[in-house]
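Just query18.cif here, mmCIF, C-alpha atoms:
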```
data_my_file
loop_
_atom_site.label_atom_id
_atom_site.label_comp_id
_atom_site.auth_asym_id
_atom_site.auth_seq_id
_atom_site.Cartn_x
_atom_site.Cartn_y
_atom_site.Cartn_z
CA MET A 2 -2.96 20.26 45.50
CA PRO A 3 0.15 21.88 43.99
CA ARG A 4 -0.39 23.67 40.68
CA PHE A 5 1.90 21.24 38.79
CA MET A 6 -0.09 18.27 40.08
CA THR A 7 -3.40 19.87 39.02
CA ILE A 8 -2.11 20.47 35.49
CA ALA A 9 -0.71 16.94 35.24
CA VAL A 10 -4.01 15.41 36.36
CA ALA A 11 -5.97 17.62 33.94
CA LEU A 12 -3.69 16.66 31.03
CA ALA A 13 -3.95 12.98 31.91
CA MET A 14 -7.74 13.23 32.00
CA VAL A 15 -7.88 14.98 28.62
CA GLY A 16 -5.60 12.34 27.09
CA PHE A 17 -7.70 9.53 28.53
CA VAL A 18 -10.97 11.01 27.33
CA SER A 19 -9.74 11.64 23.79
CA THR A 20 -8.20 8.16 23.45
CA THR A 21 -11.29 6.49 24.86
CA THR A 22 -13.57 8.56 22.63
CA LEU A 23 -11.53 7.79 19.51
CA ALA A 24 -11.50 4.09 20.33
CA ALA A 25 -15.25 4.09 20.98
CA ASP A 26 -15.88 6.00 17.73
CA LEU A 27 -13.74 3.58 15.72
CA THR A 28 -15.29 0.51 17.37
CA SER A 29 -18.82 1.77 16.70
CA GLY A 30 -17.79 2.61 13.13
CA LEU A 31 -16.57 -0.96 12.65
CA ALA A 32 -19.60 -2.64 14.22
CA GLY A 33 -21.67 -4.66 11.78
CA LYS A 34 -21.25 -7.30 9.08
CA TRP A 35 -18.50 -7.19 6.44
CA HIS A 36 -17.17 -9.18 3.48
CA ILE A 37 -13.42 -9.72 3.12
CA LEU A 38 -12.40 -8.27 -0.26
CA ASN A 39 -8.68 -8.87 0.02
CA ILE A 40 -6.12 -10.68 2.16
CA GLU A 41 -2.52 -9.79 1.31
CA GLY A 42 -0.94 -12.58 -0.74
CA VAL A 43 -4.17 -14.57 -1.23
CA ALA A 44 -5.53 -15.43 -4.65
CA ASP A 45 -8.95 -16.87 -5.44
CA LEU A 46 -10.70 -15.35 -2.41
CA LYS A 47 -14.47 -15.44 -2.87
CA PRO A 48 -15.75 -12.37 -0.95
CA ALA A 49 -19.37 -13.58 -1.08
CA ASN A 50 -18.35 -16.63 1.00
CA THR A 51 -16.54 -14.56 3.62
CA GLU A 52 -17.97 -12.80 6.62
CA VAL A 53 -16.64 -10.69 9.45
CA THR A 54 -19.03 -9.67 12.20
CA ILE A 55 -17.89 -6.99 14.62
CA ALA A 56 -19.99 -6.50 17.75
CA ASP A 57 -20.53 -3.15 19.47
CA ASP A 58 -17.85 -4.10 22.02
CA GLY A 59 -15.35 -4.86 19.21
CA ALA A 60 -15.50 -8.68 19.45
CA MET A 61 -15.02 -10.24 16.01
CA THR A 62 -16.14 -13.47 14.37
CA LEU A 63 -14.67 -14.29 10.96
CA THR A 64 -14.81 -16.92 8.24
CA VAL A 65 -13.52 -17.34 4.70
CA GLY A 66 -16.00 -20.15 4.15
CA CYS A 67 -14.94 -23.07 6.32
CA ASN A 68 -13.90 -22.59 9.96
CA ARG A 69 -15.14 -19.79 12.22
CA MET A 70 -12.60 -17.64 14.03
CA ARG A 71 -13.10 -15.35 17.00
CA ALA A 72 -10.93 -12.49 18.22
CA ASN A 73 -11.12 -9.54 20.59
CA PRO A 74 -9.08 -6.67 19.15
CA LYS A 75 -7.75 -3.87 21.29
CA ILE A 76 -8.43 -0.48 19.70
CA ALA A 77 -6.94 2.83 20.86
CA GLY A 78 -7.45 5.65 18.38
CA ALA A 79 -6.44 4.18 15.02
CA LYS A 80 -4.12 1.67 16.73
CA PHE A 81 -5.30 -1.90 16.42
CA ALA A 82 -4.01 -5.15 17.91
CA ILE A 83 -5.54 -8.60 18.01
CA GLY A 84 -4.92 -10.91 20.91
CA PRO A 85 -5.34 -14.65 20.66
CA ILE A 86 -7.50 -15.88 17.78
CA THR A 87 -9.58 -18.98 18.44
CA SER A 88 -10.95 -21.16 15.67
CA THR A 89 -13.00 -24.25 14.99
CA ARG A 90 -10.87 -27.04 13.52
CA MET A 91 -12.76 -28.56 10.62
CA ALA A 92 -10.75 -30.01 7.77
CA CYS A 93 -11.01 -27.52 4.90
CA GLU A 94 -10.18 -27.82 1.23
CA PRO A 95 -6.59 -26.60 0.58
CA PRO A 96 -7.51 -23.18 -0.88
CA LEU A 97 -9.68 -22.35 2.16
CA ALA A 98 -7.12 -23.67 4.63
CA LEU A 99 -4.45 -21.43 3.06
CA GLN A 100 -6.81 -18.44 3.09
CA GLU A 101 -7.63 -19.01 6.76
CA ARG A 102 -3.96 -19.22 7.68
CA ALA A 103 -3.22 -16.02 5.71
CA LEU A 104 -6.14 -14.22 7.37
CA GLN A 105 -4.99 -15.24 10.84
CA GLN A 106 -1.41 -14.10 10.09
CA ALA A 107 -2.67 -10.80 8.66
CA LEU A 108 -4.86 -10.15 11.70
CA GLU A 109 -1.97 -10.87 14.05
CA ALA A 110 0.25 -8.43 12.10
CA ALA A 111 -2.37 -5.66 11.91
CA ARG A 112 -1.46 -2.54 13.88
CA SER A 113 -3.93 0.04 12.57
CA VAL A 114 -7.33 0.23 10.93
CA LYS A 115 -8.76 2.92 8.67
CA LEU A 116 -12.39 3.50 7.82
CA GLU A 117 -12.87 4.75 4.26
CA ASP A 118 -15.71 5.54 1.83
CA ALA A 119 -17.95 6.96 4.57
CA GLY A 120 -17.55 3.77 6.65
CA ALA A 121 -18.32 1.37 3.78
CA ARG A 122 -14.73 0.07 3.62
CA ALA A 123 -12.16 -0.74 6.29
CA THR A 124 -8.49 -1.50 5.77
CA LEU A 125 -6.15 -3.20 8.23
CA LEU A 126 -2.52 -2.16 7.97
CA ASP A 127 0.71 -3.44 9.48
CA ILE A 128 3.28 -1.35 11.34
CA SER A 129 4.71 -0.10 7.99
CA ASP A 130 1.22 0.85 6.72
CA THR A 131 1.25 -2.08 4.29
CA LEU A 132 -2.27 -3.17 3.38
CA LEU A 133 -3.10 -6.55 4.92
CA VAL A 134 -6.89 -6.94 4.73
CA THR A 135 -9.68 -4.98 3.05
CA LEU A 136 -13.25 -5.27 4.30
CA LYS A 137 -16.43 -4.06 2.61
CA ARG A 138 -19.56 -3.47 4.66
CA LYS A 139 -22.39 -5.86 3.73
CA SER A 140 -25.42 -4.09 2.32
#
```

Using the file provided, produce a representation of the structure as structure tokens.
Amino acid sequence: MPRFMTIAVALAMVGFVSTTTLAADLTSGLAGKWHILNIEGVADLKPANTEVTIADDGAMTLTVGCNRMRANPKIAGAKFAIGPITSTRMACEPPLALQERALQQALEAARSVKLEDAGARATLLDISDTLLVTLKRKS
């Protein structure tokens, strides 16, 4: 194998390993149960009624107190993107319906996630690093 090819393959392997490791570390750091403390632009959110569960593989289930949503985010390093979000379709009181819609829009706009406070808090940010959602790990 030519020397250039060997170096290119080695660099590609190092890049793949570090990205995969970072994604696995972030996913495992996010795994567990969370309360939603804040959704950008939402008033009257009751964190005790909210729940986000993130599985070891990154799959998420979410609720603000009425419908249940499910999503499978793609995580690469600190980069974060949510594909299609599925939801039950129960009729919710207007405040909850608005909160659900805002949560879904925030998740779709999220492009990065940061773990803070030794993993007790997670923030989802948009492409401009604007705070969209704050999660607090359930104790």

Selection dump of the PyMOL selection byres ((chain A and resi 42-59) around 10), as a ChimeraX atom specification: /A:24-25,27-41,60-67,69-76,96-97,99-101,103-104,107,133-134,136-139

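Shortest atom-to-atom contact with A:Gly78 among A:Leu125, A:Ala98, A:Cys93, A:Val114: A:Val114, counting only C-alpha atoms.
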
Residue nearest A:Ala92 among A:Asn68, A:Arg122, A:Ala111, A:Ile128 (counting all atoms listed in the file): A:Asn68

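Note that the spacing between atom CA of A:Ala82 and atom CA of A:Ser129 amounts to 14.1 Å.
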
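Computed from the coordinates, the atom CA of A:Gln105 to atom CA of A:Asp127 distance equals 13.2 Å.
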
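When atom CA of A:Ala119 is paired with atom CA of A:Thr135, their separation reads 14.6 Å.
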
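You can rank A:Glu94, A:Ser140, A:Thr131, A:Thr87 by their closest distance to A:Arg112 using all atoms listed in the file, and at the top of that list sits A:Thr131.
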
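Shortest atom-to-atom contact with A:Leu108 among A:Gly120, A:Leu126, A:Thr89, A:Ala77: A:Leu126, counting all atoms listed in the file.
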
Box centre and edge lengths (Å, one decimal), axis-aligned, stretch 75-88 of chain A plus 8 Å each side, as AutoDock Vina command-line options:
```
--center_x -7.5 --center_y -7.8 --center_z 18.2 --size_x 22.9 --size_y 42.8 --size_z 22.3
```

N, CA and C atoms of stretch 94-105 of chain A, written as a PDB file, in the first residue's frame:
```pdb
ATOM      1  N   GLU A  94     -55.405  19.929  27.170  1.00  0.00           N
ATOM      2  CA  GLU A  94     -55.780  21.295  27.528  1.00  0.00           C
ATOM      3  C   GLU A  94     -54.851  22.258  26.779  1.00  0.00           C
ATOM      4  N   PRO A  95     -55.343  23.459  26.434  1.00  0.00           N
ATOM      5  CA  PRO A  95     -54.532  24.395  25.644  1.00  0.00           C
ATOM      6  C   PRO A  95     -53.114  24.651  26.167  1.00  0.00           C
ATOM      7  N   PRO A  96     -52.884  24.853  27.466  1.00  0.00           N
ATOM      8  CA  PRO A  96     -51.495  25.108  27.863  1.00  0.00           C
ATOM      9  C   PRO A  96     -50.575  23.929  27.522  1.00  0.00           C
ATOM     10  N   LEU A  97     -51.052  22.694  27.746  1.00  0.00           N
ATOM     11  CA  LEU A  97     -50.216  21.527  27.453  1.00  0.00           C
ATOM     12  C   LEU A  97     -50.013  21.350  25.953  1.00  0.00           C
ATOM     13  N   ALA A  98     -51.049  21.592  25.179  1.00  0.00           N
ATOM     14  CA  ALA A  98     -50.923  21.474  23.723  1.00  0.00           C
ATOM     15  C   ALA A  98     -49.878  22.450  23.195  1.00  0.00           C
ATOM     16  N   LEU A  99     -49.889  23.677  23.708  1.00  0.00           N
ATOM     17  CA  LEU A  99     -48.890  24.672  23.285  1.00  0.00           C
ATOM     18  C   LEU A  99     -47.492  24.270  23.734  1.00  0.00           C
ATOM     19  N   GLN A 100     -47.371  23.729  24.929  1.00  0.00           N
ATOM     20  CA  GLN A 100     -46.065  23.282  25.430  1.00  0.00           C
ATOM     21  C   GLN A 100     -45.533  22.124  24.591  1.00  0.00           C
ATOM     22  N   GLU A 101     -46.404  21.193  24.231  1.00  0.00           N
ATOM     23  CA  GLU A 101     -45.978  20.068  23.395  1.00  0.00           C
ATOM     24  C   GLU A 101     -45.487  20.552  22.039  1.00  0.00           C
ATOM     25  N   ARG A 102     -46.222  21.463  21.444  1.00  0.00           N
ATOM     26  CA  ARG A 102     -45.831  21.993  20.138  1.00  0.00           C
ATOM     27  C   ARG A 102     -44.481  22.704  20.239  1.00  0.00           C
ATOM     28  N   ALA A 103     -44.294  23.500  21.294  1.00  0.00           N
ATOM     29  CA  ALA A 103     -43.027  24.210  21.489  1.00  0.00           C
ATOM     30  C   ALA A 103     -41.879  23.228  21.717  1.00  0.00           C
ATOM     31  N   LEU A 104     -42.133  22.158  22.477  1.00  0.00           N
ATOM     32  CA  LEU A 104     -41.097  21.162  22.714  1.00  0.00           C
ATOM     33  C   LEU A 104     -40.705  20.477  21.406  1.00  0.00           C
ATOM     34  N   GLN A 105     -41.688  20.096  20.622  1.00  0.00           N
ATOM     35  CA  GLN A 105     -41.391  19.438  19.348  1.00  0.00           C
ATOM     36  C   GLN A 105     -40.585  20.370  18.435  1.00  0.00           C
TER      37      GLN A 105
END
```
